[in-house]
$ cat data18.txt   # compact mmCIF, C-alpha atoms
# COMPACT_ATOMS: atom_id res chain seq x y z
CA MET A 289 73.04 132.13 207.03
CA PRO A 290 73.37 128.56 205.65
CA ASP A 291 70.37 127.00 203.94
CA ASP A 292 68.49 124.28 205.81
CA PHE A 293 67.91 120.78 204.41
CA GLU A 294 64.66 121.54 202.60
CA ARG A 295 65.98 124.74 201.03
CA MET A 296 69.14 122.97 199.86
CA TRP A 297 67.06 120.18 198.36
CA ARG A 298 64.82 122.64 196.49
CA ASP A 299 67.88 124.41 195.11
CA LEU A 300 69.28 121.17 193.71
CA ALA A 301 66.01 119.93 192.19
CA PRO A 302 66.24 121.64 188.77
CA ILE A 303 69.96 121.10 188.12
CA GLY A 304 70.47 118.54 185.36
CA ARG A 305 66.83 117.47 185.35
CA SER A 306 65.19 116.31 182.13
CA ALA A 307 61.93 118.06 181.32
CA ALA A 308 60.84 114.99 179.37
CA SER A 309 61.44 112.21 181.90
CA GLY A 310 61.95 114.00 185.20
CA GLY A 311 65.23 112.09 185.57
CA TYR A 312 68.69 113.52 186.09
CA PHE A 313 71.66 113.74 183.75
CA ARG A 314 74.67 114.69 185.87
CA PRO A 315 77.73 112.95 184.38
CA GLY A 316 81.07 113.54 186.05
CA TRP A 317 82.64 116.87 185.02
CA GLY A 318 79.57 117.70 182.92
CA ALA A 319 77.82 121.09 183.12
CA ALA A 320 75.22 119.96 185.68
CA GLU A 321 77.74 118.23 187.94
CA LEU A 322 80.07 121.24 187.79
CA GLU A 323 77.15 123.48 188.77
CA LEU A 324 76.51 121.20 191.74
CA ARG A 325 80.17 121.49 192.72
CA GLY A 326 79.82 125.28 192.68
CA TRP A 327 76.71 124.99 194.83
CA PHE A 328 78.61 122.83 197.32
CA ARG A 329 81.44 125.33 197.55
CA ASP A 330 78.93 128.10 198.23
CA GLN A 331 77.28 126.05 200.96
CA ALA A 332 80.65 125.26 202.52
CA ALA A 333 81.62 128.94 202.47
CA ALA A 334 78.32 129.91 204.12
CA ARG A 335 79.28 127.58 206.97
CA GLY A 336 82.86 128.76 207.21
CA LEU A 337 84.20 125.41 205.99
CA GLY A 338 87.47 125.38 204.08
CA VAL A 339 87.37 123.38 200.84
CA GLU A 340 90.30 121.53 199.30
CA GLU A 341 90.43 119.43 196.15
CA ASP A 342 92.81 116.67 195.15
CA SER A 343 94.19 116.14 191.66
CA PHE A 344 91.55 113.50 190.83
CA GLY A 345 88.50 115.78 191.23
CA ASN A 346 87.53 114.73 194.77
CA PHE A 347 87.00 117.56 197.23
CA VAL A 348 86.24 117.96 200.91
CA ALA A 349 84.97 120.75 203.17
CA TRP A 350 86.54 120.77 206.65
CA TRP A 351 84.99 121.70 209.97
CA ARG A 352 87.99 121.97 212.27
CA PRO A 353 88.14 121.98 216.07
CA PRO A 354 88.12 125.43 217.71
CA GLY A 355 91.56 127.00 217.68
CA SER A 356 93.03 124.74 215.01
CA THR A 357 94.81 126.45 212.14
CA GLY A 358 96.26 125.55 208.78
CA ARG A 359 95.57 122.67 206.49
CA THR A 360 94.57 119.27 207.81
CA MET A 361 96.30 117.33 205.06
CA ARG A 362 99.19 115.11 206.16
CA SER A 363 101.58 112.59 204.66
CA ASP A 364 104.32 112.02 207.21
CA SER A 365 103.30 110.76 210.65
CA ALA A 366 100.19 109.32 212.28
CA ASN A 367 101.11 111.43 215.32
CA HIS A 368 100.52 114.64 213.36
CA GLU A 369 97.91 116.87 214.99
CA GLY A 370 94.53 115.77 213.61
CA GLY A 371 96.16 112.66 212.11
CA LEU A 372 93.98 109.59 212.02
CA ASP A 373 91.37 111.18 214.30
CA SER A 374 89.62 112.96 211.45
CA VAL A 375 86.07 111.86 210.62
CA LEU A 376 84.77 111.90 207.05
CA THR A 377 81.20 111.92 205.75
CA GLY A 378 79.56 112.84 202.43
CA SER A 379 78.84 111.06 199.14
CA HIS A 380 78.78 112.09 195.46
CA LEU A 381 76.94 114.49 193.14
CA ASP A 382 77.04 112.72 189.75
CA SER A 383 74.23 110.49 188.49
CA VAL A 384 73.53 107.64 186.11
CA PRO A 385 71.84 108.68 182.86
CA ASP A 386 68.21 109.58 183.59
CA GLY A 387 68.75 108.75 187.25
CA GLY A 388 66.97 109.71 190.42
CA ALA A 389 67.44 112.82 192.55
CA PHE A 390 68.54 111.08 195.73
CA ASP A 391 71.38 108.73 194.79
CA GLY A 392 74.45 110.67 195.92
CA PRO A 393 73.20 114.19 196.60
CA LEU A 394 71.11 113.05 199.58
CA GLY A 395 74.31 112.09 201.38
CA VAL A 396 75.98 115.42 200.63
CA VAL A 397 72.98 117.56 201.61
CA SER A 398 72.41 115.47 204.75
CA ALA A 399 76.06 115.89 205.76
CA LEU A 400 75.85 119.68 205.51
CA ALA A 401 72.55 119.64 207.42
CA ALA A 402 74.16 117.41 210.08
CA VAL A 403 76.92 120.00 210.57
CA ASP A 404 74.22 122.63 211.14
CA MET A 405 72.44 120.35 213.61
CA LEU A 406 75.63 119.67 215.56
CA ARG A 407 76.39 123.37 215.78
CA GLY A 408 72.83 124.00 216.90
CA ARG A 409 73.41 121.50 219.71
CA GLY A 410 76.54 123.39 220.74
CA VAL A 411 78.87 120.54 219.78
CA GLU A 412 82.53 121.49 219.57
CA PRO A 413 84.41 118.76 217.66
CA ALA A 414 87.52 117.33 219.24
CA ARG A 415 88.79 116.33 215.80
CA PRO A 416 88.26 117.56 212.22
CA LEU A 417 85.13 116.60 210.31
CA GLY A 418 85.26 116.50 206.52
CA VAL A 419 82.27 116.56 204.17
CA ALA A 420 83.50 114.84 201.02
CA VAL A 421 82.27 114.82 197.44
CA PHE A 422 83.78 111.96 195.46
CA ALA A 423 84.14 112.23 191.68
CA GLU A 424 82.54 109.92 189.08
CA GLU A 425 81.03 107.53 191.62
CA GLU A 426 78.52 106.14 189.13
CA GLY A 427 81.07 105.65 186.36
CA SER A 428 78.45 106.81 183.89
CA ARG A 429 80.91 108.90 181.88
CA PHE A 430 84.19 106.97 181.94
CA GLY A 431 82.87 103.49 182.74
CA ARG A 432 84.71 103.02 186.04
CA ALA A 433 82.46 103.05 189.10
CA CYS A 434 83.75 104.88 192.22
CA LEU A 435 86.57 106.27 190.12
CA GLY A 436 87.43 109.18 192.42
CA SER A 437 87.68 107.07 195.56
CA ARG A 438 89.52 104.32 193.68
CA LEU A 439 92.14 106.83 192.59
CA ALA A 440 92.42 108.42 196.02
CA THR A 441 92.98 105.05 197.71
CA GLY A 442 95.15 103.59 194.97
CA ALA A 443 92.68 100.88 193.98
CA THR A 444 93.07 102.33 190.47
CA THR A 445 96.28 103.94 189.21
CA TRP A 446 96.39 107.27 187.43
CA GLU A 447 98.39 105.67 184.63
CA ASP A 448 95.40 103.46 183.92
CA ALA A 449 92.63 105.99 184.57
CA ARG A 450 94.01 108.90 182.60
CA GLU A 451 93.56 106.97 179.34
CA LEU A 452 89.86 106.33 179.95
CA ARG A 453 87.64 107.99 177.35
CA ASP A 454 83.97 108.92 177.37
CA ALA A 455 81.45 108.30 174.58
CA ASP A 456 82.68 111.41 172.75
CA GLY A 457 86.30 110.29 172.90
CA ILE A 458 87.28 112.82 175.56
CA ARG A 459 90.21 111.54 177.60
CA LEU A 460 90.01 111.75 181.40
CA GLY A 461 93.63 112.95 181.52
CA ASP A 462 92.61 116.00 179.50
CA LEU A 463 89.85 116.90 182.00
CA VAL A 464 91.60 116.54 185.35
CA GLU A 465 95.14 117.04 186.53
CA GLY A 466 95.70 113.59 187.96
CA GLY A 467 98.89 112.69 189.75
CA GLU A 468 100.44 110.12 192.01
CA SER A 469 98.05 107.82 193.84
CA ALA A 470 98.61 104.99 196.26
CA GLY A 471 98.15 102.57 193.40
CA ASP A 472 101.27 103.88 191.68
CA HIS A 473 103.17 101.95 194.36
CA GLY A 474 100.84 98.95 194.38
CA PRO A 475 97.79 98.30 196.58
CA THR A 476 98.19 99.21 200.22
CA ARG A 477 96.06 99.03 203.34
CA HIS A 478 95.26 102.29 205.11
CA ALA A 479 97.54 101.79 208.13
CA GLU A 480 100.50 100.91 205.93
CA GLY A 481 99.68 103.78 203.60
CA VAL A 482 99.80 106.25 206.47
CA LYS A 483 103.10 104.86 207.72
CA THR A 484 104.73 105.02 204.31
CA GLY A 485 103.02 108.17 203.10
CA ARG A 486 101.49 106.27 200.17
CA LEU A 487 97.82 106.97 200.82
CA GLY A 488 96.86 110.11 198.93
CA GLY A 489 96.82 113.56 200.56
CA TRP A 490 93.78 114.40 202.63
CA LEU A 491 92.60 110.78 202.85
CA ALA A 492 95.74 109.87 204.79
CA GLN A 493 94.44 111.67 207.89
CA VAL A 494 90.97 110.07 207.90
CA GLY A 495 90.21 107.70 210.75
CA CYS A 496 86.73 106.66 209.62
CA TYR A 497 84.06 107.38 207.01
CA VAL A 498 80.26 107.47 207.40
CA GLU A 499 78.12 107.73 204.25
CA LEU A 500 74.37 108.34 204.22
CA HIS A 501 72.55 107.09 201.12
CA VAL A 502 69.02 106.48 199.91
CA GLU A 503 68.26 102.77 200.06
CA GLN A 504 68.26 101.16 196.63
CA GLY A 505 65.72 98.47 197.41
CA ARG A 506 62.75 97.66 199.65
CA GLY A 507 64.48 96.36 202.77
CA LEU A 508 63.44 99.28 204.98
CA VAL A 509 59.94 99.32 203.49
CA ASP A 510 59.52 95.69 204.50
CA LEU A 511 60.91 96.44 207.96
CA ASP A 512 58.73 99.58 208.31
CA ALA A 513 61.79 101.59 209.35
CA PRO A 514 62.81 105.05 208.11
CA VAL A 515 66.56 104.48 208.58
CA GLY A 516 68.87 101.47 208.57
CA VAL A 517 72.57 100.67 208.60
CA ALA A 518 74.52 98.59 206.08
CA SER A 519 76.25 95.36 207.03
CA GLY A 520 78.24 95.05 203.81
CA ILE A 521 78.31 95.20 200.01
CA TRP A 522 78.02 92.23 197.67
CA PRO A 523 80.97 91.52 195.36
CA HIS A 524 80.28 93.04 191.95
CA GLY A 525 81.87 94.17 188.73
CA ARG A 526 81.60 95.23 185.10
CA TRP A 527 82.71 93.13 182.14
CA ARG A 528 82.90 94.35 178.52
CA TYR A 529 81.85 91.89 175.82
CA ASP A 530 83.26 92.63 172.36
CA VAL A 531 81.37 90.49 169.87
CA ARG A 532 82.61 90.63 166.29
CA GLY A 533 80.94 89.31 163.16
CA ARG A 534 80.60 90.39 159.54
CA ALA A 535 78.62 93.36 158.26
CA ASP A 536 76.19 92.44 155.51
CA HIS A 537 72.96 93.39 153.79
CA ALA A 538 69.86 92.75 155.92
CA GLY A 539 67.74 91.91 152.90
CA THR A 540 69.94 90.00 150.48
CA THR A 541 71.97 87.88 152.89
CA ARG A 542 70.41 84.52 153.65
CA MET A 543 69.99 83.79 157.36
CA GLU A 544 72.26 80.75 157.17
CA ASP A 545 75.02 82.80 155.52
CA ARG A 546 75.31 85.38 158.26
CA ALA A 547 77.89 85.95 161.00
CA ASP A 548 75.63 88.10 163.15
CA PRO A 549 77.12 89.39 166.44
CA MET A 550 73.74 90.70 167.52
CA LEU A 551 72.44 87.14 167.67
CA THR A 552 75.41 86.11 169.82
CA TYR A 553 74.85 89.06 172.12
CA ALA A 554 71.10 88.45 172.39
CA MET A 555 71.56 84.82 173.39
CA THR A 556 74.24 85.85 175.90
CA ALA A 557 71.92 88.42 177.48
CA LEU A 558 69.22 85.77 177.84
CA ALA A 559 71.76 83.39 179.35
CA ALA A 560 72.90 85.99 181.87
CA ASN A 561 69.31 86.49 183.00
CA LYS A 562 68.77 82.74 183.34
CA GLN A 563 72.01 82.08 185.23
CA ALA A 564 71.38 84.94 187.69
CA ARG A 565 67.85 83.73 188.38
CA LEU A 566 68.98 80.14 188.90
CA ALA A 567 71.71 81.22 191.32
CA GLY A 568 69.69 83.87 193.14
CA GLN A 569 72.22 86.54 192.11
CA ARG A 570 72.19 89.55 189.76
CA ALA A 571 73.31 89.91 186.12
CA THR A 572 72.37 92.73 183.76
CA PHE A 573 73.36 93.89 180.31
CA GLY A 574 72.40 97.56 180.55
CA ARG A 575 74.58 99.20 177.92
CA VAL A 576 75.04 98.20 174.28
CA GLU A 577 76.85 99.77 171.31
CA VAL A 578 76.27 98.49 167.77
CA ALA A 579 78.29 99.11 164.61
CA PRO A 580 77.53 100.22 162.01
CA ASN A 581 74.11 100.65 163.67
CA GLY A 582 72.05 100.65 160.49
CA THR A 583 68.49 99.39 160.32
CA ASN A 584 69.08 97.52 157.07
CA ALA A 585 72.53 96.13 157.90
CA VAL A 586 73.72 93.06 159.74
CA PRO A 587 76.08 94.48 162.38
CA SER A 588 79.83 93.96 162.25
CA ARG A 589 80.29 94.46 165.97
CA VAL A 590 78.29 94.57 169.19
CA THR A 591 79.90 95.85 172.39
CA ALA A 592 77.93 95.24 175.57
CA TRP A 593 78.61 95.65 179.27
CA LEU A 594 77.65 93.06 181.85
CA ASP A 595 76.97 94.20 185.41
CA ALA A 596 77.13 91.18 187.73
CA ARG A 597 76.70 90.93 191.52
CA ALA A 598 76.58 88.00 193.93
CA GLU A 599 76.46 87.23 197.63
CA SER A 600 80.02 85.87 197.64
CA GLU A 601 83.13 86.18 195.52
CA ALA A 602 83.00 82.48 194.66
CA ALA A 603 79.38 82.80 193.49
CA LEU A 604 80.27 85.86 191.39
CA ASP A 605 83.25 84.14 189.78
CA GLU A 606 81.19 81.07 188.95
CA MET A 607 78.28 83.01 187.45
CA VAL A 608 80.53 85.24 185.33
CA ALA A 609 82.48 82.20 184.11
CA VAL A 610 79.29 80.35 183.10
CA ILE A 611 77.96 83.38 181.20
CA GLY A 612 81.30 83.74 179.44
CA ARG A 613 81.37 80.07 178.49
CA ILE A 614 77.85 80.23 177.06
CA ALA A 615 78.81 83.34 175.06
CA ALA A 616 81.85 81.57 173.59
CA GLU A 617 79.80 78.48 172.68
CA ARG A 618 77.17 80.63 171.01
CA ALA A 619 79.82 82.57 169.10
CA ASP A 620 81.14 79.29 167.67
CA ARG A 621 77.65 78.45 166.42
CA ASP A 622 77.12 81.92 164.93
CA GLY A 623 80.50 82.24 163.23
CA THR A 624 81.38 85.21 165.40
CA SER A 625 83.99 85.86 168.09
CA VAL A 626 83.70 87.19 171.62
CA THR A 627 86.33 88.82 173.82
CA ILE A 628 85.54 89.50 177.49
CA THR A 629 87.40 92.16 179.47
CA ALA A 630 86.95 92.82 183.18
CA GLU A 631 86.81 96.60 183.50
CA SER A 632 86.25 96.84 187.25
CA VAL A 633 85.71 94.23 189.94
CA SER A 634 85.07 94.86 193.63
CA GLY A 635 85.35 92.09 196.19
CA ASP A 636 83.19 91.35 199.20
CA VAL A 637 83.01 94.28 201.65
CA ARG A 638 82.05 93.94 205.30
CA PHE A 639 81.77 97.28 207.02
CA ASP A 640 83.64 97.82 210.26
CA ASP A 641 81.63 96.15 213.05
CA ASP A 642 82.55 98.59 215.82
CA LEU A 643 81.87 101.64 213.68
CA THR A 644 78.61 100.19 212.35
CA THR A 645 77.45 99.63 215.93
CA GLN A 646 78.34 103.23 216.84
CA VAL A 647 76.65 104.63 213.74
CA GLY A 648 73.59 102.39 213.77
CA GLY A 649 72.36 103.11 217.26
CA GLY A 650 69.93 100.18 217.18
CA VAL A 651 68.43 100.71 213.70
CA PRO A 652 67.93 97.68 211.42
CA LYS A 653 70.99 96.23 209.68
CA LEU A 654 70.82 95.03 206.07
CA PRO A 655 73.21 94.20 203.21
CA THR A 656 73.30 96.04 199.91
CA GLN A 657 73.99 94.89 196.38
CA ALA A 658 74.98 98.40 195.24
CA GLY A 659 78.55 99.69 195.16
CA HIS A 660 79.53 102.84 197.08
CA ASP A 661 82.59 104.93 197.85
CA ALA A 662 82.24 103.66 201.43
CA GLY A 663 83.03 100.19 200.12
CA ILE A 664 86.19 101.41 198.40
CA LEU A 665 87.40 103.16 201.55
CA GLN A 666 86.61 100.14 203.73
CA ALA A 667 88.55 97.89 201.34
CA ALA A 668 91.49 100.32 201.62
CA GLY A 669 91.50 99.87 205.39
CA ILE A 670 89.59 103.00 206.40
CA PRO A 671 86.83 101.89 208.82
CA SER A 672 83.56 102.79 207.10
CA ALA A 673 79.82 102.58 207.76
CA MET A 674 76.65 103.46 205.84
CA LEU A 675 73.24 104.75 206.85
CA PHE A 676 70.28 104.12 204.53
CA VAL A 677 67.13 106.23 204.24
CA ARG A 678 63.91 104.44 203.25
CA ASN A 679 62.91 104.49 199.59
CA PRO A 680 59.14 103.80 199.42
CA THR A 681 59.28 102.82 195.74
CA GLY A 682 62.22 100.47 196.18
CA VAL A 683 63.38 101.75 192.76
CA SER A 684 66.73 103.41 192.14
CA HIS A 685 68.78 104.61 189.15
CA SER A 686 65.43 105.84 187.82
CA PRO A 687 63.31 109.01 188.01
CA VAL A 688 60.96 107.01 190.29
CA GLU A 689 63.62 106.87 193.02
CA HIS A 690 62.25 108.68 196.08
CA ALA A 691 62.51 109.39 199.79
CA GLU A 692 59.97 111.25 201.89
CA THR A 693 61.18 114.50 203.47
CA ALA A 694 60.20 113.24 206.92
CA ASP A 695 62.41 110.16 206.46
CA CYS A 696 65.25 112.30 205.12
CA LEU A 697 65.11 114.45 208.26
CA VAL A 698 65.21 111.30 210.41
CA GLY A 699 68.31 110.38 208.41
CA VAL A 700 69.93 113.75 209.09
CA ASP A 701 69.24 113.32 212.78
CA ALA A 702 70.72 109.80 212.77
CA LEU A 703 73.80 111.01 210.91
CA ALA A 704 74.26 113.93 213.31
CA ASP A 705 73.94 111.57 216.29
CA ALA A 706 76.55 109.24 214.82
CA LEU A 707 78.97 112.06 214.01
CA GLN A 708 78.55 113.55 217.48
CA ARG A 709 79.55 110.23 219.04
CA LEU A 710 82.62 110.10 216.80
CA LEU A 711 83.69 113.73 217.17
CA THR A 712 83.42 114.20 220.93

$ encode --input "data18.txt" --output "structure tokens"
Amino acid sequence: MPDDFERMWRDLAPIGRSAASGGYFRPGWGAAELELRGWFRDQAAARGLGVEEDSFGNFVAWWRPPGSTGRTMRSDSANHEGGLDSVLTGSHLDSVPDGGAFDGPLGVVSALAAVDMLRGRGVEPARPLGVAVFAEEEGSRFGRACLGSRLATGATTWEDARELRDADGIRLGDLVEGGESAGDHGPTRHAEGVKTGRLGGWLAQVGCYVELHVEQGRGLVDLDAPVGVASGIWPHGRWRYDVRGRADHAGTTRMEDRADPMLTYAMTALAANKQARLAGQRATFGRVEVAPNGTNAVPSRVTAWLDARAESEAALDEMVAVIGRIAAERADRDGTSVTITAESVSGDVRFDDDLTTQVGGGVPKLPTQAGHDAGILQAAGIPSAMLFVRNPTGVSHSPVEHAETADCLVGVDALADALQRLLT
């Protein structure tokens, strides 16, 4: 007998949780995330759902229409049985360092609970339903957000991704099999990818995607609503700043004789904060590496990552350019150098209007500044929509992230309603 929502949530609670902070450490392909993958497979098996995995670490559990047999993967014709009629839901299981319990897993647990609810209603799907788990959505291990969905859709090529390394120097290509993705042939929209067979494996049959996620802000709190639907995702990206100076003695080197990259970085971080506030956008330096990282040494190098988000692509480009210009000017003053590399950039995403209307069912609509796999699929031409569950703290990517069980169950019901409309 499959576990219900509350039992599933209790089972997940201790996996990867820090006893010190209460936060979660579930990096992609780490011990905790692999344990969660095993849990998902067990839950799928308890429901009689067949699980398949692609070569990038994404996997999906299929609920097929009565009487259907064989695999649902396709790569030849949109007229193939199941073809573009398949519906996909789900989310991810990895977390940011010291993250919250809900970001990702809530969507996976809710999807499984929605399958149970639909079966309890006696629903017999007219087309396959897949519950997906995308790999490395947070990018906390290899630095590329939504990596699994980017690879599956071809937004990122395997040739590029396989050389990514984590903080311990482990190469992604040594962890996962990899293989040909749509991006190996250049970017392609979903319809073209289906026609040419260039959109990877199981994704090629998907007609639409619905992702449930905890809200990462206070929009639903302010609206006094337990569930909402997303209108779109702000443009956003990650830029690496490599600031180089000259290592020296912290005590004997006069201040005016230094080439201190930490000073350049510090002034750049302050500038990013100022520019984002002035423009009403978002800019954050949340990760920094310092070499040689000695208390009594002037650093030789500071590497920092800028996360920037804005309400339009033009606003994002302008803000990032201004921050970069200020960094270069400061480097000239400090006798240092700065190199800026765009590691991942996602454009403006507007979720499919028709699907959003079907999924929303009259709940409030609001934008989000957070990136999601749903945004990657929508950009690839797969109609996508998102449901949000209220977060009373408004805090995310933190142990304080929360959702009340009652609101989560309203979310499951809303997801089940949406899937029923799409499957029958």

$ residues_around --input "data18.txt" --residues "Leu711 (chain A)" --least-positions-apart "2" --cutoff "8 Å" --atoms "only C-alpha atoms" --output "list of chain:residue names"
A:Val375, A:Pro413, A:Ala414, A:Arg415, A:Pro416, A:Leu417, A:Leu707, A:Gln708, A:Arg709

$ atom_distance --input "data18.txt" --atom1 "CA of Val637 (chain A)" --atom2 "CA of Ile664 (chain A)"
8.5 Å

$ closest_atom_pairs --input "data18.txt" --of "region 492-546 of chain A" --to "region 573-577 of chain A" --cutoff "12 Å" --atoms "all atoms listed in the file" --output "JSON lines"
{"residue": "A:Gly525", "atom": "CA", "partner": "A:Phe573", "partner_atom": "CA", "distance": 12.0}
{"residue": "A:Arg526", "atom": "CA", "partner": "A:Phe573", "partner_atom": "CA", "distance": 9.6}
{"residue": "A:Trp527", "atom": "CA", "partner": "A:Phe573", "partner_atom": "CA", "distance": 9.6}
{"residue": "A:Arg528", "atom": "CA", "partner": "A:Arg575", "partner_atom": "CA", "distance": 9.6}
{"residue": "A:Tyr529", "atom": "CA", "partner": "A:Val576", "partner_atom": "CA", "distance": 9.4}
{"residue": "A:Asp530", "atom": "CA", "partner": "A:Glu577", "partner_atom": "CA", "distance": 9.7}
{"residue": "A:Val531", "atom": "CA", "partner": "A:Glu577", "partner_atom": "CA", "distance": 10.4}
{"residue": "A:Arg532", "atom": "CA", "partner": "A:Glu577", "partner_atom": "CA", "distance": 11.9}

$ atom_distance --input "data18.txt" --atom1 "CA of Gly635 (chain A)" --atom2 "CA of Trp522 (chain A)"
7.5 Å

$ atom_distance --input "data18.txt" --atom1 "CA of Arg432 (chain A)" --atom2 "CA of Val633 (chain A)"
9.7 Å

$ residues_around --input "data18.txt" --residues "Glu340 (chain A)" --least-positions-apart "4" --cutoff "8 Å" --atoms "only C-alpha atoms" --output "list of chain:residue names"
A:Phe347, A:Val348, A:Ala349

$ residues_near_point --input "data18.txt" --point "(71.0, 104.1, 200.0)" --cutoff "9 Å" --atoms "only C-alpha atoms" --output "MDAnalysis selection string"
chainID A and resid 390:392 394:395 500:505 518 656 658 674:679 684

$ residues_near_point --input "data18.txt" --point "(84.3, 95.6, 209.7)" --cutoff "10 Å" --atoms "all atoms listed in the file" --output "list in words"
Ser519, Gly520, Val637, Arg638, Phe639, Asp640, Asp641, Asp642, Leu643, Thr644, Gln666, Ala667, Gly669, Ile670, Pro671, Ser672 and Ala673 of chain A

$ residues_around --input "data18.txt" --residues "Val384 (chain A)" --least-positions-apart "5" --cutoff "12 Å" --atoms "all atoms listed in the file" --output "VMD selection string"
chain A and resid 304 to 305 311 to 316 321 389 to 392 424 to 431 433 574 to 575 684 to 687

$ closest_residue --input "data18.txt" --among "A:Gly388, A:Val647, A:Trp593, A:Ser588" --to "Ser306 (chain A)" --atoms "all atoms listed in the file"
A:Gly388
